[in-house]
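With mmCIF, C-alpha atoms inside, this is query.cif:
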```cif
data_work
loop_
_atom_site.label_atom_id
_atom_site.label_comp_id
_atom_site.auth_asym_id
_atom_site.auth_seq_id
_atom_site.Cartn_x
_atom_site.Cartn_y
_atom_site.Cartn_z
CA MET Y 1 -44.73 43.36 128.80
CA ASN Y 2 -47.08 41.13 126.82
CA GLU Y 3 -48.03 44.10 124.58
CA PHE Y 4 -44.34 44.75 123.90
CA VAL Y 5 -43.72 41.10 122.95
CA GLN Y 6 -46.70 41.11 120.60
CA SER Y 7 -45.50 44.34 119.02
CA LEU Y 8 -42.01 42.93 118.62
CA ARG Y 9 -43.37 39.83 116.88
CA LEU Y 10 -45.16 42.07 114.40
CA TRP Y 11 -41.85 43.66 113.44
CA PHE Y 12 -40.84 40.40 111.80
CA ALA Y 13 -44.28 39.17 110.72
CA PRO Y 14 -46.23 42.27 109.63
CA GLN Y 15 -48.73 40.12 107.71
CA ARG Y 16 -50.15 39.20 111.13
CA LEU Y 17 -51.43 42.78 111.40
CA ARG Y 18 -54.25 41.72 109.10
CA GLU Y 19 -55.61 39.67 112.01
CA GLU Y 20 -56.07 42.90 114.00
CA GLY Y 21 -59.44 44.60 113.55
CA ASP Y 22 -60.52 46.04 110.21
CA THR Y 23 -58.46 47.23 107.27
CA PRO Y 24 -58.13 51.02 107.52
CA ASP Y 25 -58.43 53.40 104.61
CA TYR Y 26 -55.31 52.82 102.51
CA ARG Y 27 -54.48 56.52 102.61
CA PHE Y 28 -53.90 56.25 106.36
CA SER Y 29 -51.70 53.17 106.00
CA LEU Y 30 -49.67 54.92 103.30
CA ALA Y 31 -49.33 58.03 105.48
CA ASN Y 32 -48.11 55.77 108.29
CA GLU Y 33 -45.54 54.29 105.90
CA ARG Y 34 -44.37 57.76 104.82
CA THR Y 35 -43.90 58.67 108.48
CA PHE Y 36 -41.87 55.49 108.94
CA LEU Y 37 -39.67 56.46 106.00
CA ALA Y 38 -39.17 59.96 107.42
CA TRP Y 39 -37.95 58.42 110.69
CA ILE Y 40 -35.59 56.16 108.75
CA ARG Y 41 -34.19 59.17 106.85
CA THR Y 42 -33.66 60.91 110.18
CA ALA Y 43 -31.88 57.83 111.53
CA LEU Y 44 -29.62 57.68 108.48
CA ALA Y 45 -28.78 61.38 108.82
CA LEU Y 46 -27.88 60.92 112.49
CA ILE Y 47 -25.72 57.90 111.72
CA GLY Y 48 -24.04 59.76 108.86
CA GLY Y 49 -23.45 62.71 111.18
CA GLY Y 50 -21.84 60.43 113.75
CA PHE Y 51 -19.45 59.02 111.17
CA ALA Y 52 -18.74 62.51 109.81
CA VAL Y 53 -17.79 63.82 113.26
CA ASP Y 54 -15.46 60.88 113.76
CA GLN Y 55 -13.84 60.96 110.33
CA PHE Y 56 -13.70 64.65 109.46
CA LEU Y 57 -12.85 66.23 112.80
CA PRO Y 58 -9.59 64.47 113.73
CA GLU Y 59 -8.25 67.64 115.33
CA LEU Y 60 -10.81 67.41 118.14
CA ALA Y 61 -9.72 65.90 121.41
CA TRP Y 62 -10.38 62.16 121.18
CA GLY Y 63 -12.90 62.09 124.05
CA VAL Y 64 -14.94 64.96 122.63
CA ARG Y 65 -14.90 63.50 119.12
CA ALA Y 66 -15.80 60.00 120.31
CA GLY Y 67 -18.53 61.30 122.63
CA LEU Y 68 -20.21 63.36 119.92
CA ALA Y 69 -19.90 60.60 117.34
CA LEU Y 70 -21.29 57.96 119.71
CA ALA Y 71 -24.17 60.22 120.77
CA LEU Y 72 -25.18 60.74 117.14
CA LEU Y 73 -24.77 57.06 116.27
CA ALA Y 74 -26.82 55.97 119.29
CA ALA Y 75 -29.55 58.47 118.43
CA GLY Y 76 -29.61 57.08 114.88
CA VAL Y 77 -29.91 53.49 116.07
CA LEU Y 78 -32.69 54.38 118.51
CA CYS Y 79 -34.48 56.37 115.82
CA ALA Y 80 -34.40 53.43 113.38
CA LEU Y 81 -35.72 51.02 116.02
CA ARG Y 82 -38.37 53.50 117.07
CA ALA Y 83 -39.48 53.89 113.45
CA VAL Y 84 -40.41 50.22 113.20
CA ASN Y 85 -42.07 50.17 116.60
CA HIS Y 86 -44.10 53.30 115.86
CA TRP Y 87 -45.21 52.00 112.47
CA VAL Y 88 -46.49 48.76 114.02
CA ARG Y 89 -48.22 50.52 116.91
CA CYS Y 90 -49.95 53.02 114.61
CA GLU Y 91 -51.03 50.37 112.11
CA ARG Y 92 -52.46 48.25 114.92
CA ALA Y 93 -54.29 51.23 116.45
CA MET Y 94 -55.83 52.17 113.10
CA ARG Y 95 -57.03 48.61 112.54
CA ARG Y 96 -58.55 48.49 116.02
CA GLY Y 97 -60.18 51.92 115.71
CA GLU Y 98 -58.16 53.21 118.67
CA ASP Y 99 -56.43 56.53 119.19
CA LEU Y 100 -52.98 56.68 117.68
CA PRO Y 101 -50.23 56.06 120.24
CA VAL Y 102 -48.37 58.98 121.73
CA SER Y 103 -44.69 58.99 122.55
CA ARG Y 104 -42.02 61.01 124.31
CA PHE Y 105 -39.43 59.82 121.81
CA PRO Y 106 -39.60 62.88 119.51
CA THR Y 107 -39.00 65.13 122.52
CA LEU Y 108 -36.10 63.01 123.75
CA LEU Y 109 -34.56 62.86 120.27
CA GLY Y 110 -34.92 66.62 119.88
CA LEU Y 111 -33.27 67.21 123.24
CA ALA Y 112 -30.42 64.82 122.41
CA VAL Y 113 -29.76 66.50 119.06
CA GLY Y 114 -29.97 69.90 120.77
CA VAL Y 115 -27.41 68.88 123.40
CA VAL Y 116 -25.04 67.57 120.72
CA ALA Y 117 -25.47 70.84 118.80
CA VAL Y 118 -24.69 72.93 121.90
CA VAL Y 119 -21.59 70.83 122.59
CA MET Y 120 -20.49 71.33 118.98
CA VAL Y 121 -20.99 75.11 119.30
CA VAL Y 122 -18.85 75.11 122.46
CA VAL Y 123 -16.19 73.05 120.68
CA VAL Y 124 -16.12 75.50 117.76
CA LEU Y 125 -16.08 78.58 120.00
CA PHE Y 126 -13.27 77.32 122.20
CA ASP Y 127 -11.41 75.64 119.33
CA TRP Y 128 -10.78 72.44 121.30
CA GLU Y 129 -8.06 70.51 119.60
CA GLY Y 130 -6.52 67.19 120.49
CA ARG Y 131 -3.16 67.30 122.16
#
```
For this file, produce the structure as C-alpha cells.
Amino acid sequence: MNEFVQSLRLWFAPQRLREEGDTPDYRFSLANERTFLAWIRTALALIGGGFAVDQFLPELAWGVRAGLALALLAAGVLCALRAVNHWVRCERAMRRGEDLPVSRFPTLLGLAVGVVAVVMVVVVLFDWEGR
C-alpha cells in the first residue's frame, strides 16, 4: 500500500522522481514518454468509441447500447489512469536500475476490447433493434 501511495504522489509531483536513483539515458525516458502517449491515444480512441456507440447507434436496444458504450468508456478511463501509473513506475525503475514493471493490464484491456467486439458482431448479425 505504501508503494501505491508513493506512486500516486509522483503522479502530481513528477519532479520528485529526480530524488530516485540516477538519471537514466534520456533515450529511455523519451521512449517511456512515447509509450505513455500511445496509451493516452488508446484511451482517447476507446472513449471516442464509447460516445460513437451511444450517439450513432440509436436503433440498438437501450441496454445493449448503454452496456457497450459504458464498457468502452470505462476501458478508456482505466487506460488513461494506467498510462500515468505505468509511466511513473517505469521511470522510477529505470532510475533505480531495477527491472521494468510487468502488468496484466494489457491482457485485461485486450480481453475487454475483444468481448466488446464479439458483442458488436452478435448485435450486427442478429440485427438487434430497440423496441
## Note on the structure
Judged by all atoms listed in the file, the minimum distance to Leu30 of chain Y among Y:Cys90, Y:Gly97, Y:Leu109, Y:Val123 is found for Y:Cys90
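Those residues returned by the PyMOL selection byres ((chain Y and resi 48) around 12) for this file are Arg41, Thr42, Ala43, Leu44, Ala45, Leu46, Ile47, Gly49, Gly50, Phe51, Ala52, Val53, Asp54, Gln55, Phe56, Ala69, Leu70, Ala71, Leu72, Leu73, Ala74, Ala75, Gly76 and Val77 of chain Y.
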## Note on the structure
Nearest to Val84 of chain Y, restricted to all atoms listed in the file and choosing among Y:Val5, Y:Ala31, Y:Leu37, Y:Ala112, comes out as Y:Leu37
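Atom pair atom CA of Leu10 of chain Y / atom CA of Trp87 of chain Y has a distance of 10.1 Å (rounded to one decimal).
Distance-wise, atom CA of Arg65 of chain Y and atom CA of Gly110 of chain Y end up 20.3 Å apart.
Proximity ranking of Y:Ala61, Y:Val88, Y:Ala83, Y:Val122 relative to Phe12 of chain Y places Y:Val88 first, based on all atoms listed in the file.
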Given the block above, output segment 25-60 of chain Y with N, CA and C atoms as a CSV table (one decimal), in the first residue's frame.
```csv
chain,number,residue,atom,x,y,z
Y,25,ASP,N,19.6,7.2,-19.2
Y,25,ASP,CA,19.8,7.7,-20.5
Y,25,ASP,C,18.5,8.3,-21.0
Y,26,TYR,N,18.6,9.5,-21.6
Y,26,TYR,CA,17.4,10.3,-22.0
Y,26,TYR,C,16.6,9.5,-23.0
Y,27,ARG,N,17.3,8.7,-23.8
Y,27,ARG,CA,16.5,7.9,-24.8
Y,27,ARG,C,15.5,7.0,-24.2
Y,28,PHE,N,15.9,6.5,-23.0
Y,28,PHE,CA,14.9,5.6,-22.3
Y,28,PHE,C,13.8,6.3,-21.8
Y,29,SER,N,14.1,7.5,-21.2
Y,29,SER,CA,13.0,8.3,-20.6
Y,29,SER,C,12.0,8.8,-21.8
Y,30,LEU,N,12.6,9.2,-22.9
Y,30,LEU,CA,11.8,9.6,-24.0
Y,30,LEU,C,11.0,8.4,-24.6
Y,31,ALA,N,11.5,7.2,-24.6
Y,31,ALA,CA,10.8,6.0,-25.0
Y,31,ALA,C,9.6,5.8,-24.1
Y,32,ASN,N,9.9,6.0,-22.8
Y,32,ASN,CA,8.8,5.8,-21.8
Y,32,ASN,C,7.7,6.8,-22.0
Y,33,GLU,N,8.1,8.0,-22.4
Y,33,GLU,CA,7.1,9.1,-22.6
Y,33,GLU,C,6.3,8.7,-23.9
Y,34,ARG,N,6.9,8.2,-24.9
Y,34,ARG,CA,6.2,7.8,-26.1
Y,34,ARG,C,5.2,6.7,-25.8
Y,35,THR,N,5.6,5.8,-25.0
Y,35,THR,CA,4.7,4.7,-24.6
Y,35,THR,C,3.5,5.3,-23.8
Y,36,PHE,N,3.8,6.2,-22.9
Y,36,PHE,CA,2.7,6.9,-22.2
Y,36,PHE,C,1.7,7.5,-23.2
Y,37,LEU,N,2.2,8.2,-24.2
Y,37,LEU,CA,1.4,8.9,-25.2
Y,37,LEU,C,0.6,7.9,-26.0
Y,38,ALA,N,1.2,6.7,-26.3
Y,38,ALA,CA,0.5,5.7,-27.0
Y,38,ALA,C,-0.7,5.2,-26.2
Y,39,TRP,N,-0.5,5.0,-24.9
Y,39,TRP,CA,-1.6,4.6,-24.0
Y,39,TRP,C,-2.7,5.7,-24.0
Y,40,ILE,N,-2.3,6.9,-24.0
Y,40,ILE,CA,-3.3,8.0,-24.0
Y,40,ILE,C,-4.1,8.0,-25.3
Y,41,ARG,N,-3.4,7.8,-26.4
Y,41,ARG,CA,-4.2,7.7,-27.7
Y,41,ARG,C,-5.1,6.5,-27.6
Y,42,THR,N,-4.7,5.4,-27.1
Y,42,THR,CA,-5.6,4.3,-27.0
Y,42,THR,C,-6.8,4.6,-26.1
Y,43,ALA,N,-6.6,5.3,-25.0
Y,43,ALA,CA,-7.7,5.7,-24.1
Y,43,ALA,C,-8.6,6.7,-24.8
Y,44,LEU,N,-8.1,7.6,-25.6
Y,44,LEU,CA,-9.0,8.5,-26.3
Y,44,LEU,C,-9.8,7.8,-27.4
Y,45,ALA,N,-9.2,6.8,-28.0
Y,45,ALA,CA,-9.9,6.0,-29.0
Y,45,ALA,C,-11.1,5.3,-28.4
Y,46,LEU,N,-10.8,4.7,-27.2
Y,46,LEU,CA,-11.8,3.9,-26.5
Y,46,LEU,C,-13.0,4.8,-26.1
Y,47,ILE,N,-12.6,6.0,-25.5
Y,47,ILE,CA,-13.6,6.9,-25.1
Y,47,ILE,C,-14.4,7.4,-26.3
Y,48,GLY,N,-13.8,7.7,-27.4
Y,48,GLY,CA,-14.5,8.1,-28.6
Y,48,GLY,C,-15.4,7.0,-29.1
Y,49,GLY,N,-14.9,5.8,-29.1
Y,49,GLY,CA,-15.7,4.7,-29.5
Y,49,GLY,C,-17.0,4.5,-28.6
Y,50,GLY,N,-16.8,4.8,-27.3
Y,50,GLY,CA,-18.0,4.7,-26.4
Y,50,GLY,C,-19.0,5.7,-26.7
Y,51,PHE,N,-18.6,7.0,-27.0
Y,51,PHE,CA,-19.5,8.0,-27.4
Y,51,PHE,C,-20.1,7.7,-28.8
Y,52,ALA,N,-19.3,7.2,-29.7
Y,52,ALA,CA,-19.9,6.8,-31.0
Y,52,ALA,C,-21.0,5.8,-30.9
Y,53,VAL,N,-20.7,4.8,-30.1
Y,53,VAL,CA,-21.8,3.7,-30.0
Y,53,VAL,C,-23.1,4.3,-29.4
Y,54,ASP,N,-22.9,5.2,-28.4
Y,54,ASP,CA,-24.1,5.8,-27.8
Y,54,ASP,C,-24.8,6.8,-28.8
Y,55,GLN,N,-24.1,7.5,-29.5
Y,55,GLN,CA,-24.7,8.6,-30.4
Y,55,GLN,C,-25.1,8.1,-31.7
Y,56,PHE,N,-24.4,7.2,-32.3
Y,56,PHE,CA,-24.6,6.8,-33.7
Y,56,PHE,C,-25.3,5.5,-33.9
Y,57,LEU,N,-25.7,4.8,-32.8
Y,57,LEU,CA,-26.4,3.6,-32.9
Y,57,LEU,C,-27.7,3.6,-32.1
Y,58,PRO,N,-28.6,4.6,-32.4
Y,58,PRO,CA,-29.8,4.8,-31.6
Y,58,PRO,C,-30.8,3.7,-31.8
Y,59,GLU,N,-30.6,2.9,-32.9
Y,59,GLU,CA,-31.6,1.8,-33.2
Y,59,GLU,C,-31.3,0.6,-32.3
Y,60,LEU,N,-30.2,0.5,-31.7
Y,60,LEU,CA,-29.9,-0.6,-30.8
Y,60,LEU,C,-30.8,-0.5,-29.5
```
